[in-house]
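Below is upload-v2.txt, holding compact mmCIF, C-alpha atoms.
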# COMPACT_ATOMS: atom_id res chain seq x y z
CA MET A 955 94.46 11.08 1.08
CA LEU A 956 97.97 12.21 0.35
CA ALA A 957 96.67 14.65 -2.24
CA THR A 958 94.22 16.28 0.20
CA ARG A 959 96.93 16.55 2.86
CA ALA A 960 99.20 18.19 0.30
CA LEU A 961 96.43 20.56 -0.80
CA SER A 962 95.73 21.66 2.79
CA LEU A 963 99.35 22.72 3.16
CA VAL A 964 99.14 24.96 0.11
CA GLY A 965 97.60 28.43 0.61
CA LYS A 966 93.92 29.01 0.01
CA ARG A 967 94.49 31.31 -2.98
CA ALA A 968 96.89 28.81 -4.53
CA ILE A 969 94.33 26.01 -4.49
CA SER A 970 92.08 27.86 -6.87
CA THR A 971 94.79 28.88 -9.26
CA SER A 972 96.91 25.72 -9.21
CA ILE A 973 96.01 22.56 -11.02
CA CYS A 974 94.00 19.96 -9.12
CA VAL A 975 95.67 16.59 -8.72
CA ARG A 976 93.21 14.04 -7.43
CA GLY A 977 94.14 10.53 -6.41
CA GLY A 978 96.90 10.25 -8.97
CA HIS A 979 94.39 10.15 -11.85
CA GLY A 980 95.62 13.22 -13.65
CA VAL A 981 95.10 16.92 -14.02
CA ALA A 982 91.64 18.61 -13.99
CA LYS A 983 91.58 21.78 -16.01
CA VAL A 984 90.21 24.73 -14.04
CA ASP A 985 87.95 26.79 -16.31
CA ASP A 986 87.80 30.56 -16.15
CA TYR A 987 84.27 30.62 -14.84
CA ALA A 988 85.25 28.48 -11.84
CA LEU A 989 87.84 31.00 -10.64
CA PRO A 990 86.97 33.99 -8.45
CA ALA A 991 85.67 36.76 -10.69
CA TYR A 992 85.48 40.53 -10.54
CA PHE A 993 82.07 42.20 -10.66
CA ASP A 994 80.68 45.63 -9.77
CA ARG A 995 77.84 45.18 -7.29
CA ARG A 996 76.43 47.50 -4.69
CA GLU A 997 75.58 44.60 -2.37
CA ASN A 998 79.09 43.12 -2.65
CA PRO A 999 81.40 46.15 -2.51
CA LEU A 1000 84.69 44.24 -2.24
CA PRO A 1001 84.92 41.54 -4.91
CA ASP A 1002 87.21 38.53 -4.64
CA VAL A 1003 89.84 39.80 -7.07
CA GLN A 1004 91.26 43.12 -8.21
CA PHE A 1005 90.07 44.56 -11.48
CA VAL A 1006 93.53 44.88 -13.03
CA THR A 1007 95.35 41.57 -12.71
CA GLU A 1008 98.62 42.35 -14.50
CA LEU A 1009 100.06 45.65 -13.38
CA ASN A 1010 102.23 47.61 -15.78
CA ALA A 1011 105.41 49.34 -14.62
CA VAL A 1012 103.71 52.59 -13.55
CA GLN A 1013 101.09 50.71 -11.60
CA LYS A 1014 103.72 48.50 -9.95
CA SER A 1015 105.68 51.50 -8.74
CA LEU A 1016 102.44 53.04 -7.49
CA LYS A 1017 101.69 49.91 -5.50
CA GLU A 1018 105.15 50.15 -3.94
CA LYS A 1019 104.47 53.78 -3.02
CA GLU A 1020 101.17 52.68 -1.48
CA LYS A 1021 103.06 50.61 1.04
CA GLY A 1022 104.40 53.80 2.56
CA SER A 1023 102.52 56.68 4.10
CA TRP A 1024 99.29 57.46 2.29
CA ALA A 1025 99.54 61.15 3.07
CA THR A 1026 102.26 61.41 0.40
CA LEU A 1027 99.90 60.18 -2.34
CA SER A 1028 98.40 62.85 -4.57
CA ASN A 1029 94.74 62.80 -5.49
CA GLU A 1030 95.46 61.49 -9.00
CA GLU A 1031 97.54 58.68 -7.56
CA LYS A 1032 94.73 57.74 -5.20
CA ILE A 1033 92.31 57.64 -8.12
CA ALA A 1034 94.79 55.51 -10.10
CA LEU A 1035 95.03 53.09 -7.18
CA TYR A 1036 91.24 52.94 -7.06
CA HIS A 1037 91.09 52.09 -10.73
CA ILE A 1038 93.60 49.28 -10.25
CA SER A 1039 91.29 47.62 -7.74
CA PHE A 1040 87.88 48.61 -9.13
CA LYS A 1041 86.34 49.13 -12.54
CA GLN A 1042 83.32 51.40 -11.97
CA SER A 1043 82.66 53.82 -9.16
CA PHE A 1044 79.52 53.40 -7.10
CA ALA A 1045 77.93 56.31 -8.90
CA GLU A 1046 78.62 54.68 -12.26
CA MET A 1047 77.43 51.21 -11.32
CA ASN A 1048 74.24 52.48 -9.67
CA GLU A 1049 73.03 54.64 -12.52
CA GLY A 1050 69.86 53.41 -14.19
CA THR A 1051 69.62 52.03 -17.69
CA LYS A 1052 67.10 52.97 -20.37
CA GLU A 1053 65.55 49.53 -20.07
CA TRP A 1054 62.24 50.88 -18.79
CA LYS A 1055 61.38 52.15 -22.26
CA SER A 1056 61.57 48.64 -23.68
CA VAL A 1057 59.55 47.36 -20.75
CA ILE A 1058 56.75 49.90 -21.28
CA ALA A 1059 56.82 49.25 -25.02
CA GLY A 1060 56.51 45.52 -24.45
CA MET A 1061 53.65 46.08 -22.02
CA PHE A 1062 51.69 48.16 -24.52
CA PHE A 1063 52.36 45.67 -27.27
CA PHE A 1064 51.08 42.69 -25.32
CA ILE A 1065 48.09 44.59 -23.96
CA GLY A 1066 47.24 45.49 -27.57
CA MET A 1067 47.58 41.87 -28.69
CA THR A 1068 45.33 40.80 -25.84
CA GLY A 1069 42.79 43.42 -26.89
CA LEU A 1070 42.71 41.99 -30.40
CA VAL A 1071 42.22 38.50 -29.01
CA VAL A 1072 39.35 39.71 -26.82
CA LEU A 1073 37.63 41.41 -29.77
CA TRP A 1074 37.91 38.27 -31.84
CA GLN A 1075 36.44 36.25 -28.95
CA ARG A 1076 33.50 38.65 -28.62
CA LYS A 1077 32.66 38.15 -32.27
CA PHE A 1078 33.38 34.50 -32.89
CA VAL A 1079 33.31 32.65 -29.57
CA TYR A 1080 30.69 34.05 -27.22
CA GLY A 1081 26.96 33.47 -27.70
CA PRO A 1082 24.26 36.13 -27.19
CA VAL A 1083 23.80 37.79 -23.78
CA PRO A 1084 20.85 36.72 -21.59
CA PRO A 1085 17.42 38.38 -22.08
CA THR A 1086 17.81 40.17 -18.76
CA PHE A 1087 19.95 42.79 -20.50
CA GLU A 1088 17.21 44.01 -22.87
CA SER A 1089 15.81 47.52 -22.29
CA GLU A 1090 12.27 46.30 -21.59
CA TRP A 1091 13.49 43.87 -18.98
CA LYS A 1092 15.70 46.52 -17.40
CA GLU A 1093 12.81 48.98 -17.18
CA LYS A 1094 10.66 46.42 -15.40
CA GLU A 1095 13.61 45.58 -13.15
CA VAL A 1096 14.12 49.22 -12.12
CA GLN A 1097 10.41 49.68 -11.48
CA ARG A 1098 10.33 46.62 -9.26
CA MET A 1099 13.39 47.83 -7.33
CA LEU A 1100 11.70 51.18 -6.72
CA ASP A 1101 8.51 49.42 -5.63
CA MET A 1102 10.50 47.37 -3.13
CA ARG A 1103 12.16 50.57 -1.81
CA ILE A 1104 15.68 49.31 -2.37
CA ASN A 1105 18.11 51.46 -0.29
CA PRO A 1106 15.59 54.22 0.48
CA VAL A 1107 17.83 56.25 2.83
CA GLU A 1108 21.00 56.99 0.87
CA GLY A 1109 21.03 54.71 -2.19
CA PHE A 1110 18.85 53.69 -5.11
CA SER A 1111 15.29 54.57 -4.07
CA ALA A 1112 16.50 57.68 -2.23
CA LYS A 1113 17.12 59.23 -5.65
CA TRP A 1114 13.56 58.63 -6.89
CA ASP A 1115 10.80 61.17 -6.29
CA TYR A 1116 7.76 59.05 -5.43
CA GLU A 1117 5.28 61.95 -5.55
CA ASN A 1118 6.16 63.19 -9.01
CA LYS A 1119 7.22 59.75 -10.29
CA GLU A 1120 10.56 60.89 -11.66
CA TRP A 1121 14.21 60.91 -10.66
CA LYS A 1122 15.13 63.61 -8.19
CA LYS A 1123 17.06 66.51 -9.64
CA MET B 935 89.17 65.08 -1.05
CA SER B 936 88.34 64.76 2.66
CA LEU B 937 84.66 64.05 3.10
CA ALA B 938 82.94 64.09 6.46
CA LYS B 939 82.49 60.66 7.98
CA PRO B 940 78.90 59.59 7.33
CA ALA B 941 76.54 58.72 10.15
CA MET B 942 77.17 55.11 11.09
CA ARG B 943 74.77 54.61 13.98
CA GLY B 944 71.29 55.51 15.10
CA LEU B 945 69.92 55.52 11.54
CA LEU B 946 66.73 53.64 12.35
CA GLY B 947 66.13 55.69 15.47
CA LYS B 948 66.55 58.90 13.55
CA ARG B 949 64.14 57.72 10.86
CA LEU B 950 61.55 56.66 13.42
CA ARG B 951 61.81 59.90 15.38
CA PHE B 952 61.08 61.74 12.16
CA HIS B 953 58.42 59.54 10.60
CA LEU B 954 56.40 58.17 13.53
CA PRO B 955 54.90 61.50 14.68
CA ILE B 956 54.01 62.31 11.08
CA ALA B 957 52.46 58.88 10.58
CA PHE B 958 50.48 59.21 13.79
CA ALA B 959 49.23 62.67 12.88
CA LEU B 960 48.23 61.61 9.37
CA SER B 961 46.39 58.57 10.73
CA VAL B 962 44.43 60.75 13.15
CA VAL B 963 43.61 63.17 10.33
CA ALA B 964 42.43 60.30 8.12
CA ALA B 965 40.22 58.92 10.88
CA ALA B 966 38.75 62.34 11.66
CA ALA B 967 38.12 63.04 7.98
CA PHE B 968 36.29 59.74 7.59
CA LYS B 969 34.25 60.29 10.74
CA TYR B 970 33.11 63.80 9.87
CA GLY B 971 32.97 63.27 6.13
CA VAL B 972 31.20 59.92 5.99
CA THR B 973 29.82 58.49 9.21
CA GLU B 974 28.30 61.66 10.73
CA PRO B 975 26.46 62.64 7.50
CA ARG B 976 25.26 59.05 7.18
CA LYS B 977 23.91 59.02 10.72
CA GLN B 978 22.20 62.33 10.06
CA ALA B 979 20.68 61.04 6.81
CA TYR B 980 19.21 58.04 8.58
CA ALA B 981 17.87 60.21 11.42
CA ASP B 982 16.21 62.58 8.95
CA PHE B 983 14.72 59.73 6.95
CA TYR B 984 13.09 58.09 9.94
CA LYS B 985 11.86 61.35 11.46
CA GLN B 986 9.17 61.62 8.78
CA TYR B 987 8.75 57.91 8.12
CA ASP B 988 5.24 56.48 8.12
CA ALA B 989 5.62 52.71 8.05
CA THR B 990 1.95 51.94 7.36
CA LYS B 991 1.80 54.34 4.41
CA GLU B 992 4.93 52.88 2.90
CA PHE B 993 3.60 49.37 3.41
CA ASN B 994 0.36 50.19 1.62
CA ASN B 995 2.24 51.78 -1.27
CA MET B 996 4.40 48.70 -1.60
CA ARG B 997 1.32 46.48 -1.38
CA GLU B 998 -0.41 48.37 -4.19
CA ALA B 999 2.71 48.03 -6.32
CA GLY B 1000 2.19 44.27 -6.05
CA ILE B 1001 5.56 43.12 -4.74
CA PHE B 1002 4.26 41.09 -1.79
CA GLU B 1003 3.11 37.52 -2.04
CA SER B 1004 1.31 37.31 1.32
CA VAL B 1005 -0.92 40.34 0.75
CA ARG B 1006 -2.18 41.07 -2.74
CA PRO B 1007 -3.15 44.62 -3.73
CA THR B 1008 -6.61 45.75 -2.55
CA GLY B 1009 -9.30 45.05 -5.10
CA LYS B 1010 -7.91 41.80 -6.43
Whole structure given in structure tokens:
Amino acid sequence: MLATRALSLVGKRAISTSICVRGGHGVAKVDDYALPAYFDRRENPLPDVQFVTELNAVQKSLKEKEKGSWATLSNEEKIALYHISFKQSFAEMNEGTKEWKSVIAGMFFFIGMTGLVVLWQRKFVYGPVPPTFESEWKEKEVQRMLDMRINPVEGFSAKWDYENKEWKK
Amino acid sequence: MSLAKPAMRGLLGKRLRFHLPIAFALSVVAAAAFKYGVTEPRKQAYADFYKQYDATKEFNNMREAGIFESVRPTGK
């Protein structure tokens, strides 16, 4: 109880960077991955922390100059300030990778493997096709369809010339 | 390094004002193309087929071919 009261008095930023004292049991080490991190993301344009955490002397003086009027900053200084806070520009972070080549290559590879498996199946797994696929059967089937006048207006029988008993040219 | 301020509002409205008339026009074109490319020729094909259609003759041809079970071909 006392510890939580004490923690609420400390600033929000300080909680994450200070050590956690819970119930008098001791100190919990805060790992790096648990702290706010910097990342370049289009969806999240303002990350939780700056990119450069420890400023050198030049950068510190630049930050002091930033507190004044921005009109006095030159273009190079503005770019330097940007690079203190951010790592990549939007143009840099949005550019595509060459990953699609690997993706297409992987696709072709696995399609090829599947083709080999299918060929092996055709030879060693499947039995013979039914007799309805033989040429004789198919001829009788077509003749019966023509006799029944299947689709005589625009489809199957429409293409058969009944007078000359041949397919229409 | 002073860029113009980008448009902040009315983006959807602008897009709709541009794309909706085009979409409407293309839909009408697609419908008209289907009507005059597919349905009208089909209606005409059916009309032409049945103009010269003799049902009795066709029935007798089918009967002779032996596909019916209720009437066998003549002479059997």
Could you work out which residues of chain A fall inside 12 Å of chain B? Count only C-alpha atoms, and format the result as a list in words.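 The contacting residues on chain A are Ala1025, Leu1027, Ser1028, Asn1029, Glu1030, Lys1032, Ile1033, Glu1095, Gln1097, Arg1098, Met1099, Leu1100, Asp1101, Met1102, Arg1103, Ile1104, Asn1105, Pro1106, Val1107, Glu1108, Gly1109, Ala1112, Tyr1116 and Glu1117 of chain A.
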Using the selection just defined, write its residues with C-alpha atoms as a PDB file, keeping the file's coordinate frame.
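What follows is the written file again.pdb:
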ATOM      1  CA  ALA A1025      99.540  61.150   3.070  1.00  0.00           C
ATOM      2  CA  LEU A1027      99.900  60.180  -2.340  1.00  0.00           C
ATOM      3  CA  SER A1028      98.400  62.850  -4.570  1.00  0.00           C
ATOM      4  CA  ASN A1029      94.740  62.800  -5.490  1.00  0.00           C
ATOM      5  CA  GLU A1030      95.460  61.490  -9.000  1.00  0.00           C
ATOM      6  CA  LYS A1032      94.730  57.740  -5.200  1.00  0.00           C
ATOM      7  CA  ILE A1033      92.310  57.640  -8.120  1.00  0.00           C
ATOM      8  CA  GLU A1095      13.610  45.580 -13.150  1.00  0.00           C
ATOM      9  CA  GLN A1097      10.410  49.680 -11.480  1.00  0.00           C
ATOM     10  CA  ARG A1098      10.330  46.620  -9.260  1.00  0.00           C
ATOM     11  CA  MET A1099      13.390  47.830  -7.330  1.00  0.00           C
ATOM     12  CA  LEU A1100      11.700  51.180  -6.720  1.00  0.00           C
ATOM     13  CA  ASP A1101       8.510  49.420  -5.630  1.00  0.00           C
ATOM     14  CA  MET A1102      10.500  47.370  -3.130  1.00  0.00           C
ATOM     15  CA  ARG A1103      12.160  50.570  -1.810  1.00  0.00           C
ATOM     16  CA  ILE A1104      15.680  49.310  -2.370  1.00  0.00           C
ATOM     17  CA  ASN A1105      18.110  51.460  -0.290  1.00  0.00           C
ATOM     18  CA  PRO A1106      15.590  54.220   0.480  1.00  0.00           C
ATOM     19  CA  VAL A1107      17.830  56.250   2.830  1.00  0.00           C
ATOM     20  CA  GLU A1108      21.000  56.990   0.870  1.00  0.00           C
ATOM     21  CA  GLY A1109      21.030  54.710  -2.190  1.00  0.00           C
ATOM     22  CA  ALA A1112      16.500  57.680  -2.230  1.00  0.00           C
ATOM     23  CA  TYR A1116       7.760  59.050  -5.430  1.00  0.00           C
ATOM     24  CA  GLU A1117       5.280  61.950  -5.550  1.00  0.00           C
TER      25      GLU A1117
END
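Across the structure, CA of Phe1110 in chain A and CA of Lys1094 in chain A are spaced 15.0 Å apart.
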Q) What is the distance, in Å and to one decimal place, between CA of Asp994 in chain A and CA of Val1057 in chain A? A)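 Separation of CA of Asp994 in chain A and CA of Val1057 in chain A: 23.9 Å.
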Coordinates-based distance that separates CA of Val1096 in chain A from CA of Ser1111 in chain A (Å, one decimal):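 Spanning CA of Ser1111 in chain A to CA of Val1096 in chain A is a straight-line distance of 9.7 Å.
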Within 9 Å of Ala1034 in chain A, counting all atoms listed in the file, which residues qualify if same-chain residues fewer than 5 places away don't, as a PyMOL selection string? chain A and resi 1013+1016+1029+1039
Worksheet item: With all atoms listed in the file as the basis for distance, which of A:Trp1091, A:Trp1121, A:Phe1005, A:Tyr987 is at the shortest distance from Phe1040 in chain A?
Response: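 Between A:Trp1091, A:Trp1121, A:Phe1005, A:Tyr987, the residue approaching Phe1040 in chain A most closely is A:Phe1005.
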